[in-house]
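Containing mmCIF, C-alpha atoms: input13.cif.
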data_model
#
loop_
_atom_site.label_atom_id
_atom_site.label_comp_id
_atom_site.auth_asym_id
_atom_site.auth_seq_id
_atom_site.Cartn_x
_atom_site.Cartn_y
_atom_site.Cartn_z
CA MET A 23 -10.97 -12.12 -1.96
CA SER A 24 -9.07 -12.46 -5.20
CA LEU A 25 -6.51 -14.82 -6.68
CA PHE A 26 -5.72 -12.45 -9.50
CA GLY A 27 -3.84 -9.17 -9.66
CA GLN A 28 -5.13 -5.88 -11.01
CA ASP A 29 -7.12 -5.85 -14.24
CA ARG A 30 -4.18 -4.24 -16.02
CA SER A 31 -0.88 -6.00 -15.40
CA PHE A 32 2.41 -4.27 -14.60
CA LEU A 33 4.00 -4.90 -18.02
CA HIS A 34 0.89 -3.85 -19.93
CA ALA A 35 0.58 -0.67 -17.85
CA LEU A 36 4.14 0.40 -18.71
CA PRO A 37 4.77 2.59 -21.77
CA ALA A 38 5.95 0.42 -24.67
CA ALA A 39 9.49 1.83 -24.57
CA ASP A 40 9.82 1.12 -20.83
CA ARG A 41 8.45 -2.39 -21.30
CA ARG A 42 11.05 -3.11 -23.97
CA SER A 43 13.80 -1.66 -21.77
CA LEU A 44 12.83 -3.84 -18.83
CA ILE A 45 12.70 -7.04 -20.88
CA ALA A 46 16.08 -6.18 -22.41
CA GLU A 47 17.56 -6.13 -18.88
CA GLY A 48 16.97 -9.85 -18.35
CA ALA A 49 17.37 -13.33 -19.77
CA ARG A 50 14.59 -15.51 -21.12
CA ARG A 51 13.64 -18.63 -19.19
CA VAL A 52 11.13 -21.43 -19.74
CA TYR A 53 9.55 -23.34 -16.86
CA GLU A 54 7.74 -26.64 -17.23
CA PRO A 55 4.48 -27.52 -15.40
CA GLY A 56 5.12 -28.06 -11.71
CA GLU A 57 8.58 -26.47 -11.77
CA VAL A 58 9.39 -24.14 -8.88
CA MET A 59 10.29 -20.73 -10.28
CA ILE A 60 10.87 -18.99 -6.95
CA ARG A 61 11.21 -20.79 -3.62
CA GLU A 62 9.92 -19.48 -0.30
CA ARG A 63 12.66 -18.32 2.13
CA ASP A 64 15.35 -18.27 -0.58
CA THR A 65 17.66 -15.28 -0.46
CA THR A 66 17.66 -14.72 -4.23
CA ALA A 67 16.37 -11.34 -5.42
CA PHE A 68 15.69 -11.70 -9.16
CA VAL A 69 12.35 -10.67 -10.63
CA LEU A 70 10.42 -12.68 -13.21
CA ALA A 71 8.43 -10.84 -15.86
CA LEU A 72 5.88 -13.35 -17.13
CA LEU A 73 5.43 -13.47 -20.90
CA SER A 74 3.03 -16.43 -21.17
CA GLY A 75 1.42 -19.12 -19.06
CA TRP A 76 0.13 -19.19 -15.49
CA SER A 77 1.92 -19.58 -12.17
CA VAL A 78 0.76 -20.24 -8.61
CA VAL A 79 1.96 -18.17 -5.64
CA SER A 80 1.82 -20.16 -2.40
CA VAL A 81 3.18 -20.40 1.15
CA GLY A 82 3.81 -23.44 3.30
CA THR A 83 1.83 -24.00 6.51
CA GLU A 84 2.89 -25.42 9.86
CA ARG A 85 0.94 -28.60 9.04
CA GLY A 86 3.03 -29.25 5.97
CA SER A 87 0.34 -28.26 3.48
CA ARG A 88 0.31 -25.12 1.36
CA LEU A 89 -1.97 -22.14 0.97
CA ILE A 90 -2.37 -20.65 -2.50
CA LEU A 91 -2.26 -16.87 -2.34
CA ALA A 92 -2.57 -15.91 -5.99
CA LEU A 93 -2.43 -16.83 -9.65
CA ARG A 94 -0.11 -14.77 -11.83
CA GLY A 95 -0.20 -14.72 -15.62
CA ALA A 96 1.23 -13.01 -18.67
CA GLY A 97 2.17 -9.38 -18.15
CA GLU A 98 2.70 -9.65 -14.42
CA VAL A 99 5.91 -9.62 -12.41
CA VAL A 100 6.68 -11.93 -9.50
CA GLY A 101 9.50 -11.76 -7.00
CA ASP A 102 9.38 -7.97 -6.86
CA LEU A 103 8.95 -7.79 -3.06
CA ALA A 104 12.32 -9.47 -2.37
CA ALA A 105 13.94 -7.32 -5.04
CA VAL A 106 12.65 -4.15 -3.38
CA ASP A 107 13.19 -4.95 0.33
CA ARG A 108 16.16 -7.36 -0.14
CA ARG A 109 14.76 -9.84 2.36
CA PRO A 110 14.14 -13.62 1.91
CA ARG A 111 11.36 -14.74 -0.37
CA SER A 112 7.92 -14.51 1.28
CA ALA A 113 6.31 -17.15 -0.98
CA SER A 114 6.97 -19.78 -3.62
CA VAL A 115 5.99 -19.40 -7.27
CA THR A 116 5.31 -22.59 -9.24
CA ALA A 117 4.51 -23.01 -12.93
CA LEU A 118 0.92 -24.18 -13.38
CA GLY A 119 1.53 -24.94 -17.02
CA ARG A 120 4.41 -24.10 -19.34
CA VAL A 121 5.60 -20.59 -18.46
CA GLU A 122 7.86 -18.26 -20.43
CA ALA A 123 9.46 -15.44 -18.47
CA VAL A 124 12.32 -12.98 -18.36
CA ALA A 125 14.56 -13.10 -15.27
CA ILE A 126 15.89 -9.70 -14.18
CA SER A 127 18.39 -9.28 -11.36
CA GLY A 128 17.28 -7.38 -8.28
CA ASP A 129 19.94 -4.71 -8.85
CA ARG A 130 18.82 -4.08 -12.42
CA PHE A 131 15.15 -4.03 -11.43
CA ARG A 132 15.80 -1.46 -8.69
CA ARG A 133 17.79 0.71 -11.11
CA PHE A 134 14.94 0.46 -13.60
CA LEU A 135 12.47 1.70 -10.97
CA ALA A 136 14.82 4.44 -9.71
CA VAL A 137 14.73 6.36 -13.00
CA ARG A 138 11.06 5.71 -13.79
CA PRO A 139 8.66 7.16 -11.19
CA HIS A 140 5.68 5.84 -13.14
CA ALA A 141 6.97 2.26 -12.86
CA THR A 142 7.64 2.73 -9.14
CA SER A 143 4.07 3.96 -8.69
CA LEU A 144 2.76 0.86 -10.49
CA ILE A 145 4.78 -1.43 -8.22
CA MET A 146 3.54 0.39 -5.10
CA ARG A 147 -0.04 0.10 -6.32
CA GLN A 148 0.50 -3.59 -7.00
CA LEU A 149 1.85 -4.18 -3.49
CA ALA A 150 -1.06 -2.22 -1.97
CA THR A 151 -3.58 -4.29 -3.94
CA ARG A 152 -2.01 -7.51 -2.69
CA LEU A 153 -2.07 -6.26 0.91
CA ARG A 154 -5.75 -5.35 0.68
CA SER A 155 -6.50 -8.74 -0.87
CA ALA A 156 -4.71 -10.45 2.02
CA ASP A 157 -6.86 -8.53 4.51
CA VAL A 158 -10.03 -9.61 2.73
CA GLU A 159 -8.78 -13.20 2.63
CA ARG A 160 -8.19 -13.28 6.39
CA ARG A 161 -11.71 -12.00 6.99
CA ALA A 162 -13.17 -14.63 4.66
CA LEU A 163 -11.30 -17.45 6.39
CA ALA A 164 -12.71 -16.33 9.72
CA SER A 165 -16.33 -15.73 8.70
CA GLU A 166 -17.28 -17.72 5.57
CA THR A 167 -18.11 -21.39 5.06
CA VAL A 168 -16.08 -23.68 2.81
CA LEU A 169 -18.95 -23.73 0.31
CA GLN A 170 -19.13 -19.94 0.23
CA ARG A 171 -15.38 -19.54 -0.22
CA LEU A 172 -15.31 -22.22 -2.94
CA ALA A 173 -18.22 -20.59 -4.77
CA ALA A 174 -16.40 -17.24 -4.67
CA ARG A 175 -13.23 -18.79 -6.10
CA LEU A 176 -15.15 -20.52 -8.89
CA VAL A 177 -16.96 -17.29 -9.79
CA GLU A 178 -13.63 -15.45 -9.95
CA LEU A 179 -11.99 -18.17 -12.04
CA ALA A 180 -14.96 -18.22 -14.41
CA GLU A 181 -14.88 -14.44 -14.84
CA ARG A 182 -11.12 -14.09 -15.23
CA ALA A 183 -10.10 -17.35 -16.91
CA GLY A 184 -13.30 -18.88 -18.23
CA ARG A 185 -14.39 -19.84 -21.72
CA ARG A 186 -17.99 -19.74 -22.80
CA ALA A 187 -19.28 -23.04 -24.13
CA GLU A 188 -22.68 -24.56 -24.88
CA ALA A 189 -22.75 -26.33 -21.51
CA GLY A 190 -21.73 -23.24 -19.52
CA THR A 191 -18.46 -21.53 -18.60
CA VAL A 192 -15.39 -23.78 -18.74
CA LEU A 193 -12.61 -22.89 -16.32
CA GLU A 194 -9.46 -22.86 -18.42
CA LEU A 195 -6.99 -23.17 -15.54
CA PRO A 196 -6.30 -26.85 -14.75
CA LEU A 197 -6.61 -26.64 -10.94
CA PRO A 198 -7.01 -30.06 -9.29
CA GLN A 199 -9.08 -30.41 -6.12
CA HIS A 200 -6.07 -30.14 -3.81
CA ASP A 201 -5.18 -26.79 -5.41
CA LEU A 202 -8.75 -25.54 -5.07
CA ALA A 203 -8.54 -26.55 -1.41
CA ALA A 204 -5.23 -24.72 -1.03
CA ALA A 205 -6.79 -21.65 -2.66
CA ILE A 206 -9.52 -21.35 -0.02
CA GLY A 207 -7.71 -22.60 3.08
CA ALA A 208 -9.70 -25.84 3.35
CA THR A 209 -9.03 -29.57 3.28
CA ARG A 210 -9.31 -31.56 0.07
CA GLU A 211 -12.09 -33.60 1.68
CA ALA A 212 -14.11 -30.48 2.49
CA VAL A 213 -13.74 -29.19 -1.07
CA ALA A 214 -14.72 -32.58 -2.51
CA LYS A 215 -17.88 -32.51 -0.37
CA ALA A 216 -18.72 -28.94 -1.46
CA LEU A 217 -18.15 -29.79 -5.14
CA ARG A 218 -20.38 -32.84 -4.79
CA LEU A 219 -23.12 -30.64 -3.40
CA LEU A 220 -22.73 -28.18 -6.28
CA ARG A 221 -22.87 -31.04 -8.79
CA GLU A 222 -26.01 -32.50 -7.20
CA GLN A 223 -27.70 -29.10 -7.51
CA ASP A 224 -26.60 -28.74 -11.18
CA VAL A 225 -24.56 -25.64 -10.40
CA VAL A 226 -21.29 -27.05 -11.75
CA ARG A 227 -20.04 -30.08 -13.64
CA THR A 228 -16.60 -31.55 -12.99
CA ALA A 229 -14.19 -33.87 -14.78
CA ASN A 230 -10.45 -34.48 -14.56
CA ARG A 231 -9.01 -31.02 -13.75
CA THR A 232 -12.02 -29.42 -15.43
CA VAL A 233 -14.88 -27.44 -13.92
CA VAL A 234 -17.84 -26.17 -15.94
CA VAL A 235 -20.09 -23.59 -14.31
CA ILE A 236 -23.65 -24.37 -15.38
CA ASP A 237 -25.64 -21.96 -13.20
CA MET A 238 -23.64 -18.78 -12.62
CA ARG A 239 -26.55 -16.98 -10.94
CA VAL A 240 -26.83 -19.52 -8.14
CA LEU A 241 -23.04 -19.73 -7.78
CA VAL A 242 -22.84 -15.95 -7.31
CA LEU A 243 -25.64 -16.04 -4.71
CA LEU A 244 -23.81 -18.79 -2.81
CA ALA A 245 -20.56 -16.80 -2.94
CA GLU A 246 -22.32 -13.75 -1.53
CA GLY A 247 -24.02 -15.76 1.19
CA ARG A 248 -27.45 -14.93 -0.25
CA ALA A 249 -28.44 -18.52 -1.03
CA ARG A 250 -28.29 -21.86 0.68
CA PRO A 251 -27.28 -25.14 -0.98
CA GLY A 252 -30.08 -26.01 -3.37
CA GLY A 253 -30.43 -22.41 -4.52
CA GLU A 254 -32.87 -21.40 -1.77
CA PRO A 255 -32.56 -17.78 -0.64
CA ALA A 256 -30.71 -17.33 2.64
CA ASP A 257 -32.74 -16.26 5.64
CA GLU A 258 -32.11 -12.53 5.93
CA SER A 259 -34.34 -12.04 8.97
CA PRO A 260 -32.77 -10.28 11.98
CA PRO A 261 -31.53 -12.53 14.79
CA GLY A 262 -34.35 -13.72 17.03
CA VAL A 263 -37.06 -13.22 14.37
#

Structure re-expressed in structure tokens:
Amino acid sequence: MSLFGQDRSFLHALPAADRRSLIAEGARRVYEPGEVMIRERDTTAFVLALLSGWSVVSVGTERGSRLILALRGAGEVVGDLAAVDRRPRSASVTALGRVEAVAISGDRFRRFLAVRPHATSLIMRQLATRLRSADVERRALASETVLQRLAARLVELAERAGRRAEAGTVLELPLPQHDLAAAIGATREAVAKALRLLREQDVVRTANRTVVVIDMRVLVLLAEGRARPGGEPADESPPGV
């Protein structure tokens, strides 16, 4: 399961001339932390090309909570699905920190794609990647424990948005516990319990909106289901043995 897009973002994969042309089609916007950039079920169709900062893609649940589907950063585009299929927004996009973006109307974005087969191919690949990620996520929700899903998220965050420090790997994205819970489909209480267990085993260290991964090896083993809490190897014996 993955919160992030492809290793190479849409804007960075475009030829420089096409990237400049796309940005010239829109208007610059700045979003403050917590500001909703795109709202689920809205009938707007503009696309946002992200120039800096991080945003959270999420959907509401029947219980009134939210499930975080992805994190999108500089170089990526959000809102492209509604621009392409002209249907209501499938998710909300919220600024995690200060975000700078270019807003491009759906009509202009579709015209841009129509005359650039390479850009259309990139968008199709992006949509396919997100669909595959959603399939993996559904399987994880059905088969993995909260601790395993949390460990996998922390490994991913450390690898994609971590900073090496003397104490370990500092996660640079300021995700509070309720957002970590929303990112793995669990309750805040369950995530708090799993984090406490990881702290007691000296796998991570936490502070206000800060997580430091101290023992990446054990965290990876937990994420893969090859270790139990405490770092002990998981029992790989066949059932009944």

Result set, the PyMOL selection byres ((chain A and resi 191-205) around 10) on current file, as a ChimeraX atom specification:
/A:24-25,75-76,78-81,87-93,118-119,168,171-172,175-190,206-214,217,226-238

Using the chain letters and numbers from the file, give me the residues hit by the PyMOL selection byres ((chain A and resi 32) around 12), as JSON, numbers by chain.
{"A": [27, 28, 29, 30, 31, 33, 34, 35, 36, 37, 38, 40, 41, 44, 70, 71, 72, 73, 94, 95, 96, 97, 98, 99, 100, 102, 140, 141, 142, 143, 144, 145, 146, 147, 148, 149]}

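Computed from the coordinates, the atom CA of Gly101 of chain A to atom CA of Asp157 of chain A distance equals 20.3 Å.
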
Would you kindly return, as a list in words, each protein, DNA or RNA residue with an atom no farther than 9 Å from any atom of Ile45 of chain A, considering all atoms listed in the file and excluding same-chain residues fewer than 6 positions away?
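The filter keeps Ala71, Val124, Ala125 and Ile126 of chain A.
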
Distance criterion (only C-alpha atoms): nearest to Val137 of chain A out of A:Thr151, A:Arg51, A:Ser43, A:Glu246
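Using only C-alpha atoms, the shortest distance to Val137 of chain A belongs to A:Ser43.
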
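Counting from atom CA of Thr65 of chain A, the distance to atom CA of Leu103 of chain A is 11.8 Å.
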
What does the distance from atom CA of Ser112 of chain A to atom CA of Gly82 of chain A come to in Å, to one decimal?
10.0 Å

Evaluate the PyMOL selection byres ((chain A and resi 57) around 6) here and jot the selected residues down as JSON, numbers by chain.
{"A": [54, 55, 56, 58, 116, 117]}

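Restricting the calculation to all atoms listed in the file, the smallest distance between Val242 of chain A and any of A:Ala174, A:Asp224, A:Ala156, A:Val115 is found for A:Ala174.
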